[in-house]
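*Asks:* Sending over a structure as structure tokens; questions will come in a sec.
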Amino acid sequence: MLHRRTFLGSLAAGVSGTALLGSIAPASAQAANERIRKIVILSDPQSASPQAFQAAQLTAQAWRQLGLEVEVRPLPRQQQSQIVWYERERWDTTMWRMVGRPERSDPDELIYNLFHSSTARAGFNFVGYNNPDYDRIAEQQRQATNQEQRRALVQQAQTMIDRDQPYAFLVHPFNIGAFNKTIWDPASIVTQSGVGIRNFWTFIGASPLTAQKTMVLNARFTVIAVHPLYVSGATDSWITDLIWDRLARVGPDGLPRPWAAEKIEWKDEKTIEATIRTGMKWHDGQPVTADDVVFSFQAPAQGDKVPMYRPFVADIERVEKAGDNLVRFHLKQPNASFVTSSLAKINLVPKHVWEPVMRDIANRPENIEQIRDPSTIGSGPFKMVRARLNEEIVLDKFADHWAAPKMDRWILRIIPNPEATIGMLRRAELNFLADYGGDPEVLEQLAREVPAIQVSKETDIGFEFVAFNNRRAPFNDPAFRRALSQALDRNVMVNAAWNGFAVTANSHVSPSLRFWHAAAVDNMQTGVALARQTLQQAGYRVSGNRLYYPAGRTETLQPGE
Amino acid sequence: MKFIGQRLFHSLFVLWAVVTILFLMFRLMPGNPLAAYISEALSEEDQASIMRQFGLDRPLWEQYFIYLGNLLRGELGLSFHQRTPVWEIVMSVFPNTLVLVATGLIVAYIFGIIAGAFLAWKRGTWIEAVTIPVVLGTRAAPELWVGMVLLAILSFNLGWFPSGGANSAGAFYDSELQRFLSPDFLAHLALPALTLALYLQGIPLLLMRSTMLDVMHEDFVTMARMKGLSEWRIVIRHAARNALLPVVTAFAISFGQIVGGNVVVETVFSWPGLGRLLVAAVSNSDYPLAQGAFLLVSVVLVVMNFVADVIYTLLDPRVSHARVA
Amino acid sequence: MPASLESTAAVPAPSRRSRFLRTLARAAAVPGRDPFAIVGLTIYLVFLLVALFADHLASRDPLEILFQANGRLARNLPPSSDFLLGTTHLGRDIYSQLIYGTRAALIVGVTAAIAVMIIGTLVGLVSGYFGGWIDSLLMRLADIALSIPFLPFVIVLTAFLRPSTWNIVLAVAILLWPNTARVIRSQVLTVRERAYVEAARVTGAGNGRILFVHVAPNILPLSFLYGSIAIGWAILTEASVSFLGFGDPDVVSWGYMLQDAFVSQALSRGSYHWFVPPGICIVLVVVAGFFVSRGYEEVLFPKLRD
């Protein structure tokens with residue numbers, strides 16, 4: 001109904017479309033069935049993610065200049081997941097994102113899961129990328145215990161992905177946070193690489209400057225469960241992180257460091273020992289023992305009762321108590337990321353609380369996710385006071401902890417709406433902005449008006465991208481994917497979609513992981529002219545401003561099918 | 001009494017129908033309800049076991065009877081996401097909605113009744129000419145927009161009111177009553193209640209005004225006037241008596257409708273109530289929770305319609321004739 | 001009902017036709033007598049013209065992404081001669097969105113009103129005329145429809161089917177017909193006892209003919225009255241549903257604009273030029289419906305007032 005006018009943005013800058021179009025291919029002899037069908041881009045609706053929605057529109061504009069017919073189809077999250085994640089077959093392209101988490105500071109999870117062919121059917125490789133060379137590298141890096149050797153492999157994997165473009169990576173967004181610097185000493189707020197200021201180290205280290213010793217922070221999404229064996233919602237892990245300790249934790253530098261273990265030592269390629277810190281207590285006053293630790297690593301392996309954590313202990317052949325304070329792990333195979341992906345991931349739980357629960361559940365159809373934590377007792381630096389999952393979670397410091405926090409109380413407020421969040425920050429109803437989905441410009445404006453507010457920005461480990469369905473034509477052709485990716489000016493994406501609060505991306509390993517990131521893939525050349533050239537070289541033809549398959553290939557699918 | 005029994009039976013029938021429609025709506029919609037569980041850890045077996053867990057693998061009619069049986073036992077099931085009983089989640093926010101709706105309605109009706117009487121008295125003057133369009137205008141204004149404007153001016157710009165939520169961080173009270181009476185809660189309540197009241201005041205105002213106008217033309221008023229009694233006092237007394245019936249009925253019906261229609265105001269003001277819960281549950285595809293919230297809203301609606309019916313009968317015995325004529 | 005209208009023409013029944021014409025004439029004369037109705041009709045007319053000529057009035061495609069001369073996105077610009085109401089956070093022209101929003105509002109409002117009118121009138125006619133079990137059945141259905149919470153139902157329906165304008169119209173039609181049906185029914189109850197209906201029955205006219213030829217013309221104005229109220233309801237509903245994020249993402253409506261402004265933090269920015277105009281437009285259209293129906297109610301159905 002609305003007629004679209006031609007798009008004259010900077011995407012087209014410097015390119016005279018018709019001149020090039022005329023030169024590409026002879027404008028004859030294309031049968032109608034060789035024409036590429038209308039391409040559909042699935043996207044979040046504008047309300048859910050204005051940035052992704054805008055990026056989808058910009059992408060469509062750019063691709064239309066290549067002679068493609070493009071439709072942007074915003075879908076609610078659930079329908080999008082249904083088509084893209086569960087059915088896997090019936091889509092062309094979609095806007096998607098991988099979120100940053102501290103444990104993704106080790107590249108293994110993203111290197112292996114995203115593109116290894118074994119995860120293509122039901123796992124993370126939802127685009128169906130299938131490359132035996134890549135598979136081999138992904139497996140090798142996992143087992144390489146030599147850091148330098150592993151780094152070379154991880155970088156090689158990135159180069160390969162750069163060549164094949166299974167995704168068109170767009171940006172690594174900035175992680176935006178803020179705090180009230182008249183209440184919290186700025187020197188005590190820790191920025192964790194790739195994650196930002198909302199992290200474990202800030203929460204135990206933040207020192208109050210005044211009598212106000214309560215941190216009030218926000219979350220956008222409802223907490224789904226406070227549970228050491230089931231983490232589901234985006235917000236859940238912030239809380240479990242504080243209540244339950246782990247043998248190791250990912251430090252501000254992105255590397256794992258011993259935590260509840262005093263010392264972690266590789267005995268050989270497949271054996272690792274953890275010496276537990278002495279004098280630790282559970283929140284109910286009982287001591288933390290080696291038996292508790294052994295139990296904590298055994299419980300997730302019990303049948304299929306703990307689906308969420310089972311993958312993280314899958315590599316453990318056997319775990320045993322080797323002394324009063326010594327726990328020994330025997331692995332099935334060498335695993336370079338074991339400390340990050342298992343020791344820094346598994347919550348230590350009190351055996352006296354959970355053993356009866358696990359025994360009881362063994363004979364029932366439920367799994368642990370249906371059972372509420374009977375006590376919420378951990379050994380971490382904070383303890384639970386009360387939880388109203390849709391409204392607020394209140395934690396108090398656990399004074400008996402060996403690294404007890406400097407604040408007295410930690411209150412997490414669930415506020416879905418960015419307007420209200422900004423309003424509360426302005427009125428000092430919040431003194432720490434932990435989760436912000438709104439426009440960063442508004443926040444910076446607020447910081448100019450209210451000098452007490454300090455804003456922080458940190459490049460995220462996560463990234464946003466356009467995913468191609470690698471299973472089906474024309475996206476099964478790496479040259480075609482490459483051309484489509486080249487058509488997107490990433491700087492325009494950063495400015496026009498992310499409002500300048502992002503950096504361009506072309507790798508699944510964020511530049512914030514300096515050690516692992518392959519600088520060679522940065523600065524990918526883009527431009528519509530270049531994209532056209534790539535298409536031409538691969539044999540694609542343009543006629544009457546429409547793009548056709550290379551000679552001999554025909555369209556086999558209906559649009560939007 | 002017989003009439004009340006009939007109405008009760010009728011209400012139960014309607015309730016059953018609504019419950020059935022709800023069931024069909026939630027079971028027959030397209031898409032996989034498990035799409036909500038997008039997680040790396042879920043294998044196919046896990047998915048199947050969850051299907052079993054929620055009884056989604058049984059035939060539809062069997063699910064229906066299980067569902068009815070559960071409802072009769074007050075069993076609303078487990079939330080897909082939170083894995084806690086839906087009843088608990090729903091009940092934890094229900095009081096917030098009730099208080100907001102009740103406050104908004106009471107303010108609207110007190111204002112509307114007084115203003116309606118006043119406007120009837122001022123019939124034919126410029127005050128009426130100006131006020132009536134304004135009243136209709138507020139009735140026509142979308143609550144979400146009124147809320148946005150109030151929020152922009154009174155909270156973001158002037159900073160007089162909190163910008164959302166029902167309580168400040170960490171507020172803790174021994175009882176719900178204490179919480180509702182706390183200054184903190186009342187400050188949070190002010191703007192959403194005002195928005196609601198602005199939207200609702202039109203009904204009682206116009207009802208009161210037209211009843212007053214009718215009364216003013218009746219013979220006994222003229223007679224009373226001749227007897228030298230204060231006209232105003234008589235009009236008020238009779239109008240109040242006549243207006244009571246429609247106003248109280250309208251109050252009851254509005255109450256039932258607003259509990260469900262409050263979704264928008266709760267969203268604008270981040271009010272932790274039933275409406276926002278419902279919207280969040282629908283967007284997250286948490287079907288048991290959405291269904292539970294929807295059911296509670298429907299029950300309130302049916303009950304309040306029943307109450308309105310009963311009030312109408314009790315206060316006005318002519319009801320059965322009046323309707324046919 | 002084109003068929004029944006044809007048969008109307010074939011029946012020599014001057015008295016009936018003149019009754020209908022008289023009603024129409026009275027309806028046409030309303031604006032002259034009621035200032036409210038004049039204002040209401042004028043507002044309708046203006047918005048109708050804006051909707052019809054939206055293509056010419058709007059300066060841009062409402063969804064076009066606008067860039068400034070320096071290549072940066074034209075976001076959050078204040079009103080200027082170039083952008084009469086400024087631009088949105090994602091660089092769209094607000095004025096053009098407002099203009100096209102009129103079209104969306106009227107489409108939703110009018111189609112929903114027609115649907116409500118048709119269903120409500122048919123049910124009311126059949127129910128009131130035939131009585132008995134048909135009447136009971138239809139009225140129970142009406143009770144049920146009135147006991148389903150309105151907005152939650154619309155939200156769930158649009159979320160489950162597909163966020164589209166037509167599903168909003170569908171939901172409005174499903175839940176809003178009972179009010180019209182009830183009023184029509186009670187009107188039919190009085191009409192069917194009148195002499196001319198009785199006369200038609202005696203002369204052997206069939207039920208269908210009596211219903212559509214003798215009864216329906218008498219209650220049509222009433223259907224239009226309830227239809228005009230439904231316009232406002234549908235527009236308000238569309239705005240609420242869009243605001244909550246269940247609206248049609250491809251259609252620029254006033255509700256879409258308000259939601260866009262809300263999620264883009266126009267409130268914190270104080271961008272009144274963004275979120276005030278769509279609200280005012282909604283108020284004007286809905287209030288026009290109130291004005292018109294008020295005027296007609298007083299003139300056509302003085303008895304209905306109590």
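Order determines the names: the first chain of the structure tokens is A, the second B, and so forth; residues in each chain are numbered 1 upward, and ligands are numbered 1 upward as they are shown.
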Find the spatial neighbours of segment 214-219 of chain C, counting only C-alpha atoms, within a cut-off of 8 Å - ignore same-chain residues fewer than 3 positions away - and output them as number ranges by chain.

*Replies:* C: 16, 19-20, 125, 184, 187-188, 191-192, 196-197, 209-211, 222-223

*Asks:* Go ahead and write the residues just picked, N, CA, C and O atoms, as a PDB file, in the first residue's frame.

*Replies:*
```pdb
ATOM      1  N   ARG C  16     -43.939   1.819   4.235  1.00  0.00           N
ATOM      2  CA  ARG C  16     -42.727   1.332   4.859  1.00  0.00           C
ATOM      3  C   ARG C  16     -41.522   2.127   4.365  1.00  0.00           C
ATOM      4  O   ARG C  16     -40.672   2.550   5.111  1.00  0.00           O
ATOM      5  N   ARG C  19     -41.324   5.460   5.752  1.00  0.00           N
ATOM      6  CA  ARG C  19     -40.869   5.447   7.143  1.00  0.00           C
ATOM      7  C   ARG C  19     -39.348   5.465   7.191  1.00  0.00           C
ATOM      8  O   ARG C  19     -38.719   6.197   7.920  1.00  0.00           O
ATOM      9  N   PHE C  20     -38.782   4.600   6.346  1.00  0.00           N
ATOM     10  CA  PHE C  20     -37.335   4.507   6.301  1.00  0.00           C
ATOM     11  C   PHE C  20     -36.727   5.846   5.858  1.00  0.00           C
ATOM     12  O   PHE C  20     -35.761   6.344   6.440  1.00  0.00           O
ATOM     13  N   LEU C 125     -31.526  -9.134  15.268  1.00  0.00           N
ATOM     14  CA  LEU C 125     -32.741  -9.349  14.468  1.00  0.00           C
ATOM     15  C   LEU C 125     -33.281 -10.762  14.669  1.00  0.00           C
ATOM     16  O   LEU C 125     -34.448 -10.961  15.023  1.00  0.00           O
ATOM     17  N   ILE C 184     -30.387  -3.988  19.662  1.00  0.00           N
ATOM     18  CA  ILE C 184     -31.189  -4.265  18.470  1.00  0.00           C
ATOM     19  C   ILE C 184     -32.327  -5.224  18.829  1.00  0.00           C
ATOM     20  O   ILE C 184     -33.477  -5.050  18.420  1.00  0.00           O
ATOM     21  N   GLN C 187     -35.148  -3.600  20.540  1.00  0.00           N
ATOM     22  CA  GLN C 187     -35.877  -2.765  19.599  1.00  0.00           C
ATOM     23  C   GLN C 187     -36.780  -3.639  18.707  1.00  0.00           C
ATOM     24  O   GLN C 187     -37.929  -3.304  18.453  1.00  0.00           O
ATOM     25  N   VAL C 188     -36.207  -4.777  18.271  1.00  0.00           N
ATOM     26  CA  VAL C 188     -36.986  -5.694  17.419  1.00  0.00           C
ATOM     27  C   VAL C 188     -38.226  -6.176  18.168  1.00  0.00           C
ATOM     28  O   VAL C 188     -39.309  -6.291  17.606  1.00  0.00           O
ATOM     29  N   VAL C 191     -40.794  -3.607  17.739  1.00  0.00           N
ATOM     30  CA  VAL C 191     -41.209  -3.413  16.344  1.00  0.00           C
ATOM     31  C   VAL C 191     -42.087  -4.561  15.859  1.00  0.00           C
ATOM     32  O   VAL C 191     -43.063  -4.352  15.143  1.00  0.00           O
ATOM     33  N   ARG C 192     -41.746  -5.764  16.264  1.00  0.00           N
ATOM     34  CA  ARG C 192     -42.445  -6.901  15.647  1.00  0.00           C
ATOM     35  C   ARG C 192     -43.913  -6.991  16.068  1.00  0.00           C
ATOM     36  O   ARG C 192     -44.679  -7.705  15.450  1.00  0.00           O
ATOM     37  N   TYR C 196     -48.051  -2.891  11.180  1.00  0.00           N
ATOM     38  CA  TYR C 196     -47.698  -3.203   9.793  1.00  0.00           C
ATOM     39  C   TYR C 196     -46.984  -4.544   9.679  1.00  0.00           C
ATOM     40  O   TYR C 196     -47.057  -5.226   8.678  1.00  0.00           O
ATOM     41  N   VAL C 197     -46.266  -4.915  10.733  1.00  0.00           N
ATOM     42  CA  VAL C 197     -45.620  -6.223  10.703  1.00  0.00           C
ATOM     43  C   VAL C 197     -46.690  -7.299  10.768  1.00  0.00           C
ATOM     44  O   VAL C 197     -46.671  -8.289  10.018  1.00  0.00           O
ATOM     45  N   ARG C 209     -38.696 -12.292   4.628  1.00  0.00           N
ATOM     46  CA  ARG C 209     -39.142 -11.012   4.078  1.00  0.00           C
ATOM     47  C   ARG C 209     -39.545 -10.047   5.193  1.00  0.00           C
ATOM     48  O   ARG C 209     -39.120  -8.897   5.210  1.00  0.00           O
ATOM     49  N   ILE C 210     -40.336 -10.531   6.125  1.00  0.00           N
ATOM     50  CA  ILE C 210     -40.753  -9.637   7.217  1.00  0.00           C
ATOM     51  C   ILE C 210     -39.535  -9.081   7.929  1.00  0.00           C
ATOM     52  O   ILE C 210     -39.421  -7.886   8.176  1.00  0.00           O
ATOM     53  N   LEU C 211     -38.610  -9.987   8.200  1.00  0.00           N
ATOM     54  CA  LEU C 211     -37.435  -9.603   8.982  1.00  0.00           C
ATOM     55  C   LEU C 211     -36.639  -8.520   8.268  1.00  0.00           C
ATOM     56  O   LEU C 211     -36.331  -7.468   8.832  1.00  0.00           O
ATOM     57  N   LEU C 222     -30.179   2.498  14.371  1.00  0.00           N
ATOM     58  CA  LEU C 222     -29.630   2.089  15.659  1.00  0.00           C
ATOM     59  C   LEU C 222     -28.301   1.342  15.453  1.00  0.00           C
ATOM     60  O   LEU C 222     -27.336   1.538  16.193  1.00  0.00           O
ATOM     61  N   SER C 223     -28.253   0.488  14.395  1.00  0.00           N
ATOM     62  CA  SER C 223     -26.998  -0.219  14.128  1.00  0.00           C
ATOM     63  C   SER C 223     -25.895   0.764  13.800  1.00  0.00           C
ATOM     64  O   SER C 223     -24.761   0.616  14.238  1.00  0.00           O
TER      65      SER C 223
END
```

*Asks:* Near chain B, which residues of chain C fall within 9 Å when you count only C-alpha atoms, and what do they look like as a PyMOL selection string?

*Replies:* chain C and resi 36+140-141+143-153+155-157+159-161+186+189-190+232+236-237+239-241+243-246+258+262+266-270+272+275-276+278-280+282-287+290-291+305-306

*Asks:* Any idea what's packed within 9 Å of Tyr95 of chain C, counting only C-alpha atoms, ignoring anything in its chain fewer than 5 positions away? Could you give it as a PDB file with N, CA, C and O atoms, in the first residue's frame?

*Replies:*
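And here is the file that came out, part_33.pdb:
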```pdb
ATOM      1  N   ALA C  58       1.778  13.489   3.058  1.00  0.00           N
ATOM      2  CA  ALA C  58       3.017  13.082   3.724  1.00  0.00           C
ATOM      3  C   ALA C  58       4.200  13.517   2.876  1.00  0.00           C
ATOM      4  O   ALA C  58       4.148  13.484   1.651  1.00  0.00           O
ATOM      5  N   SER C  59       5.258  13.919   3.562  1.00  0.00           N
ATOM      6  CA  SER C  59       6.411  14.377   2.795  1.00  0.00           C
ATOM      7  C   SER C  59       7.361  13.224   2.483  1.00  0.00           C
ATOM      8  O   SER C  59       8.212  13.322   1.638  1.00  0.00           O
ATOM      9  N   ARG C  60       7.209  12.100   3.211  1.00  0.00           N
ATOM     10  CA  ARG C  60       8.128  10.983   3.000  1.00  0.00           C
ATOM     11  C   ARG C  60       7.413   9.656   3.245  1.00  0.00           C
ATOM     12  O   ARG C  60       6.330   9.623   3.815  1.00  0.00           O
ATOM     13  N   PRO C  62       6.753   6.755   5.495  1.00  0.00           N
ATOM     14  CA  PRO C  62       6.844   6.780   6.966  1.00  0.00           C
ATOM     15  C   PRO C  62       7.900   5.821   7.518  1.00  0.00           C
ATOM     16  O   PRO C  62       8.304   5.958   8.665  1.00  0.00           O
ATOM     17  N   PHE C  83      11.466  18.717   8.609  1.00  0.00           N
ATOM     18  CA  PHE C  83      10.720  17.665   9.308  1.00  0.00           C
ATOM     19  C   PHE C  83       9.744  18.370  10.242  1.00  0.00           C
ATOM     20  O   PHE C  83      10.137  18.785  11.333  1.00  0.00           O
ATOM     21  N   LEU C  84       8.497  18.456   9.827  1.00  0.00           N
ATOM     22  CA  LEU C  84       7.543  19.300  10.561  1.00  0.00           C
ATOM     23  C   LEU C  84       7.425  18.921  12.031  1.00  0.00           C
ATOM     24  O   LEU C  84       7.260  19.770  12.891  1.00  0.00           O
ATOM     25  N   LEU C  85       7.484  17.613  12.318  1.00  0.00           N
ATOM     26  CA  LEU C  85       7.400  17.185  13.717  1.00  0.00           C
ATOM     27  C   LEU C  85       8.684  16.499  14.156  1.00  0.00           C
ATOM     28  O   LEU C  85       8.710  15.725  15.104  1.00  0.00           O
ATOM     29  N   GLY C  86       9.756  16.742  13.449  1.00  0.00           N
ATOM     30  CA  GLY C  86      11.025  16.131  13.816  1.00  0.00           C
ATOM     31  C   GLY C  86      11.115  14.693  13.331  1.00  0.00           C
ATOM     32  O   GLY C  86      10.297  14.233  12.535  1.00  0.00           O
ATOM     33  N   THR C  87      12.130  13.983  13.841  1.00  0.00           N
ATOM     34  CA  THR C  87      12.319  12.591  13.429  1.00  0.00           C
ATOM     35  C   THR C  87      12.362  11.673  14.643  1.00  0.00           C
ATOM     36  O   THR C  87      12.602  12.117  15.763  1.00  0.00           O
ATOM     37  N   TYR C 100       0.103   8.921   7.774  1.00  0.00           N
ATOM     38  CA  TYR C 100      -0.240   7.550   7.395  1.00  0.00           C
ATOM     39  C   TYR C 100      -0.963   6.819   8.532  1.00  0.00           C
ATOM     40  O   TYR C 100      -1.761   5.926   8.293  1.00  0.00           O
ATOM     41  N   TRP C 274       6.940  14.329  19.627  1.00  0.00           N
ATOM     42  CA  TRP C 274       6.811  12.965  19.120  1.00  0.00           C
ATOM     43  C   TRP C 274       5.561  12.285  19.679  1.00  0.00           C
ATOM     44  O   TRP C 274       4.725  11.785  18.935  1.00  0.00           O
TER      45      TRP C 274
END
```

*Asks:* Would you please give, as a ChimeraX atom specification, all residues of segment 337-552 of chain A that DSSP assigns to strand (DSSP E or B) based on the backbone?

*Replies:* /A:382-388,392-397,409-414,432-433,453-459,463-468,502-504,541-543,546-548

*Asks:* Using only C-alpha atoms, find the residues of chain A whose closest atom to chain B is at most 6 Å away, then write them as a ChimeraX atom specification.

*Replies:* /A:82,224-225,307-308,370,420,423

*Asks:* Save out the residues we just selected, N, CA, C and O atoms, as a PDB file, in the first residue's frame.

*Replies:*
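Final file, selection_24.pdb:
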```
ATOM      1  N   GLN A  82      11.081 -20.745  16.891  1.00  0.00           N
ATOM      2  CA  GLN A  82      10.436 -21.940  16.365  1.00  0.00           C
ATOM      3  C   GLN A  82      10.960 -22.264  14.969  1.00  0.00           C
ATOM      4  O   GLN A  82      11.362 -23.386  14.682  1.00  0.00           O
ATOM      5  N   ILE A 224      14.099 -16.146  36.804  1.00  0.00           N
ATOM      6  CA  ILE A 224      13.278 -17.336  36.644  1.00  0.00           C
ATOM      7  C   ILE A 224      13.476 -18.304  37.791  1.00  0.00           C
ATOM      8  O   ILE A 224      12.530 -18.876  38.307  1.00  0.00           O
ATOM      9  N   ALA A 225      14.693 -18.470  38.216  1.00  0.00           N
ATOM     10  CA  ALA A 225      14.929 -19.335  39.369  1.00  0.00           C
ATOM     11  C   ALA A 225      16.225 -18.932  40.066  1.00  0.00           C
ATOM     12  O   ALA A 225      17.171 -18.508  39.413  1.00  0.00           O
ATOM     13  N   PRO A 307      19.902 -31.406  33.470  1.00  0.00           N
ATOM     14  CA  PRO A 307      20.257 -31.175  32.064  1.00  0.00           C
ATOM     15  C   PRO A 307      21.098 -29.918  31.842  1.00  0.00           C
ATOM     16  O   PRO A 307      21.947 -29.892  30.970  1.00  0.00           O
ATOM     17  N   MET A 308      20.846 -28.905  32.645  1.00  0.00           N
ATOM     18  CA  MET A 308      21.526 -27.644  32.417  1.00  0.00           C
ATOM     19  C   MET A 308      23.022 -27.719  32.694  1.00  0.00           C
ATOM     20  O   MET A 308      23.810 -27.039  32.065  1.00  0.00           O
ATOM     21  N   GLN A 370      12.440 -28.979  38.175  1.00  0.00           N
ATOM     22  CA  GLN A 370      11.095 -28.855  38.744  1.00  0.00           C
ATOM     23  C   GLN A 370      11.115 -28.748  40.271  1.00  0.00           C
ATOM     24  O   GLN A 370      10.088 -28.544  40.895  1.00  0.00           O
ATOM     25  N   ALA A 420      11.626   3.913  32.905  1.00  0.00           N
ATOM     26  CA  ALA A 420      11.534   3.880  34.361  1.00  0.00           C
ATOM     27  C   ALA A 420      12.929   3.710  34.964  1.00  0.00           C
ATOM     28  O   ALA A 420      13.251   4.300  36.000  1.00  0.00           O
ATOM     29  N   GLY A 423      14.649   6.997  34.995  1.00  0.00           N
ATOM     30  CA  GLY A 423      14.010   7.836  35.998  1.00  0.00           C
ATOM     31  C   GLY A 423      14.490   7.487  37.403  1.00  0.00           C
ATOM     32  O   GLY A 423      14.751   8.362  38.228  1.00  0.00           O
TER      33      GLY A 423
END
```

*Asks:* Please determine, counting only C-alpha atoms, which residue among A:Gly205, A:Gly438, A:Gly544, A:Gly527 has the shortest atom-to-atom distance to chain C.

*Replies:*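 For chain C, the nearest of the given residues is A:Gly438.
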
*Asks:* Write out as JSON, numbers by chain the set of residues from segment 109-285 of chain A that DSSP, computed on the backbone, places in alpha helix (DSSP H).

*Replies:* {"A": [109, 110, 111, 112, 113, 114, 115, 132, 133, 134, 135, 136, 137, 138, 139, 140, 141, 142, 143, 147, 148, 149, 150, 151, 152, 153, 154, 155, 156, 157, 158, 159, 160, 161, 162, 163, 164, 200, 201, 202, 203, 204, 205, 236, 237, 238, 239, 240, 241, 242, 243]}

*Asks:* Do me a favour and pick out the residues of chain C within 7 Å of chain A, using only C-alpha atoms, as a PyMOL selection string.

*Replies:* chain C and resi 61+67+71-73+245+249+260+263-265+268-269

*Asks:* What's the separation between atom CA of Val126 of chain C and atom CA of Val183 of chain C, in Å to one decimal place?

*Replies:*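 We find that atom CA of Val126 of chain C and atom CA of Val183 of chain C lie 12.7 Å from each other.
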